[in-house]
Amino acid sequence: MARIRPTQVADDGFWDEERPARGKKAARYAAPVAVAGIAAATIGLVPALASTGDPDLPKISAQELISKMAASDAQQMSGSVKITTDLGIPSLPGGGSLADLGGERSGDASAAPESKLMELISGSHTLRVATDGPDKQRVSIVENAAEYSMIHNGEEVWAYDSGSNSAYHATAPKDAKAKGDHRQEVPKDLRDATPQKIAKTVLSSVDDTTDVSVDGTSRVAGRDAYDLLIKPKQNSDSTIGSVRIAVDAENGVPLKFTLSPKSGGKAIIDVGFTKVDFGKPKAATFDFHPPKGAKVTEEPKADRKDAPKDFGGKDFTDAQGALSGLKVVGDGWDKVARLDTPGGAAAPGGDSGPGVASGLLGGFGKEVKGKFGSGTVVSTRLVNALLTDDGKVFVGAVDKDALVKAANAAK
């Protein structure tokens with residue numbers, strides 16, 4: 001196999017062989033606010049491309065267009081995706097942000113896939129994507145002076161950070177498919193950062209609280225598309241104004257996803273293809289060998305005698321414990337997630353208790369009061385979170401008044 005080092009190239013290609021290095025620090029939310037990140041992630045992150053003239057296409061109903069999307073099954077494709085995100089994450093008085101409260105996980109290699117997820121929640125990013133069926137995928141996050149790539153090829157998965165010249169490697173156990181072990185795949189959150197995956201997630205939650213219509217046509221990545229417009233009904237407390245999905249007129253594949261706030265202004269999330277090809281990618285796209293001198297971190301195999309019995313288990317257990325009290329109230333666009341944190345919300349560094357967390361978040365949010373008592377609301381352009389002084393967390397893509405109403409009802 002040829003030795004390949006993923007790098008950024010011009011728009012007429014996907015990967016090349018040399019590029020300068022630059023490291024980039026990943027970050028995480030503090031525990032109480034992580035729920036807001038989860039809520040945002042369920043909506044998805046996808047890129048945008050301005051249309052260049054509206055094509056004259058046959059009329060189609062919203063139901064017909066949704067059925068066309070559901071029937072699409074593009075197993076092979078490659079292209080470039082642009083993601084622009086403006087969540088309006090609040091800043092600390094000293095100039096930092098909520099994302100600065102965390103840091104890289106101790107002991108993780110910089111190329112570990114989960115360390116890159118938080119980088120996509122703000123600003124503009126370019127992704128190179130390719131897929132050839134369920135066993136071959138490649139996703140690269142392209143920056144100005146570095147590129148981060150994840151390659152899944154059969155039982156092998158590689159992640160490589162050109163900025164730090166570090167790699168992460170995992171191999172599935174021989175009987176992984178029989179046991180349902182999918183750790184060898186490119187992480188789901190990153191594989192799903194494409195217009196088609198996000199569109200299907202949004203459509204799965206459409207109900208009678210939603211207005212759906214076909215709102216004209218557009219051109220995306222050189223292809224004709226219908227524009228599907230999805231928005232909450234007028235009496236909604238949602239912060240979301242509308243979701244617009246550009247659907248390929250020929251094959252029904254979503255090409256662009258735009259989420260706009262009810263408050264107006266530029267899109268919160270804008271994701272779309274800038275280039276797309278539905279042909280079979282070259283086999284070499286999914287070949288990878290770490291460059292000379294690269295630091296390679298191996299994920300312990302599940303069937304290895306010396307593998308830690310709880311590899312990754314502590315994080316999973318911690319997440320389970322944190323979400324054990326999760327309840328969802330409300331319907332449709334007005335759903336609010338209520339989390340009763342064990343012993344009160346925890347602050348970074350292990351200190352816990354409602355007072356500690358409220359004091360920490362006081363630099364980001366505003367104090368509110370109600371029948372529930374008092375608490376702090378942390379707001380973004382999409383997701384708002386209310387942390388009460390007795391340790392309850394209410395999160396949703398709804399306005400502040402809806403969170404206070406939910407907290408009052410829970411008292």
# chains A, B, ... in the order shown; residues from 1 in each chain; ligands from 1
call {"tool": "closest_atom_pairs", "arguments": {"of": "segment 264-305 of chain A", "to": "segment 248-259 of chain A", "cutoff": "12 Å", "atoms": "only C-alpha atoms", "output": "CSV"}}
result
residue,atom,partner,partner_atom,distance
A:Gly264,CA,A:Leu259,CA,11.0
A:Gly265,CA,A:Leu259,CA,11.2
A:Lys266,CA,A:Leu259,CA,9.3
A:Ala267,CA,A:Leu259,CA,5.8
A:Ile268,CA,A:Leu259,CA,5.7
A:Ile269,CA,A:Leu259,CA,5.1
A:Asp270,CA,A:Thr258,CA,4.4
A:Val271,CA,A:Phe257,CA,5.1
A:Gly272,CA,A:Lys256,CA,3.9
A:Phe273,CA,A:Leu255,CA,5.8
A:Thr274,CA,A:Leu255,CA,8.9
A:Lys275,CA,A:Leu255,CA,9.7
A:Val276,CA,A:Leu255,CA,8.7
A:Asp277,CA,A:Leu255,CA,11.4
A:Phe278,CA,A:Asn251,CA,9.7
call {"tool": "write_last_selection", "arguments": {"atoms": "N, CA, C and O atoms", "output": "compact mmCIF listing (two decimals), in the first residue's frame"}}
result
# COMPACT_ATOMS: atom_id res chain seq x y z
N GLY A 264 -33.63 36.12 14.65
CA GLY A 264 -33.12 36.74 13.43
C GLY A 264 -31.60 36.75 13.38
O GLY A 264 -30.92 36.24 14.28
N GLY A 265 -31.05 37.35 12.35
CA GLY A 265 -29.60 37.38 12.19
C GLY A 265 -29.10 36.17 11.42
O GLY A 265 -29.87 35.38 10.87
N LYS A 266 -27.79 36.02 11.39
CA LYS A 266 -27.21 34.94 10.59
C LYS A 266 -27.51 33.58 11.20
O LYS A 266 -27.89 33.46 12.37
N ALA A 267 -27.34 32.56 10.37
CA ALA A 267 -27.69 31.20 10.77
C ALA A 267 -26.87 30.74 11.98
O ALA A 267 -25.71 31.13 12.16
N ILE A 268 -27.48 29.91 12.82
CA ILE A 268 -26.78 29.31 13.95
C ILE A 268 -25.87 28.20 13.44
O ILE A 268 -24.71 28.09 13.82
N ILE A 269 -26.42 27.37 12.57
CA ILE A 269 -25.67 26.26 11.98
C ILE A 269 -25.91 26.28 10.48
O ILE A 269 -27.05 26.34 10.02
N ASP A 270 -24.87 26.24 9.71
CA ASP A 270 -24.98 26.26 8.25
C ASP A 270 -24.02 25.21 7.71
O ASP A 270 -22.80 25.37 7.81
N VAL A 271 -24.55 24.12 7.18
CA VAL A 271 -23.71 23.02 6.73
C VAL A 271 -24.10 22.60 5.33
O VAL A 271 -25.28 22.40 5.06
N GLY A 272 -23.15 22.46 4.46
CA GLY A 272 -23.50 22.03 3.11
C GLY A 272 -22.29 21.63 2.30
O GLY A 272 -21.15 21.99 2.61
N PHE A 273 -22.56 20.86 1.27
CA PHE A 273 -21.50 20.46 0.35
C PHE A 273 -21.10 21.65 -0.51
O PHE A 273 -21.94 22.40 -1.02
N THR A 274 -19.81 21.83 -0.68
CA THR A 274 -19.30 22.77 -1.66
C THR A 274 -18.85 22.02 -2.92
O THR A 274 -18.68 22.61 -3.97
N LYS A 275 -18.65 20.73 -2.77
CA LYS A 275 -18.32 19.84 -3.88
C LYS A 275 -18.81 18.46 -3.52
O LYS A 275 -18.67 18.02 -2.37
N VAL A 276 -19.42 17.76 -4.48
CA VAL A 276 -19.90 16.41 -4.19
C VAL A 276 -19.86 15.57 -5.46
O VAL A 276 -20.13 16.05 -6.55
N ASP A 277 -19.49 14.32 -5.30
CA ASP A 277 -19.42 13.35 -6.39
C ASP A 277 -20.01 12.04 -5.87
O ASP A 277 -19.53 11.50 -4.87
N PHE A 278 -21.03 11.53 -6.54
CA PHE A 278 -21.68 10.31 -6.08
C PHE A 278 -21.11 9.06 -6.74
O PHE A 278 -21.72 7.99 -6.68
call {"tool": "residues_around", "arguments": {"residues": "Lys327 of chain A", "least_positions_apart": "4", "cutoff": "7 Å", "atoms": "only C-alpha atoms", "output": "MDAnalysis selection string"}}
result
chainID A and resid 337:339
call {"tool": "residues_around", "arguments": {"residues": "segment 60-62 of chain A", "least_positions_apart": "6", "cutoff": "12 Å", "atoms": "only C-alpha atoms", "output": "JSON, numbers by chain"}}
result
{"A": [68, 69, 203, 211, 212, 213, 214, 215, 216, 217, 225, 226, 227, 228, 229, 230, 245, 247, 249]}
call {"tool": "atom_distance", "arguments": {"atom1": "atom CA of Ile83 of chain A", "atom2": "atom CA of Arg244 of chain A"}}
result
14.7 Å
call {"tool": "atom_distance", "arguments": {"atom1": "atom CA of Pro58 of chain A", "atom2": "atom CA of Val220 of chain A"}}
result
17.3 Å
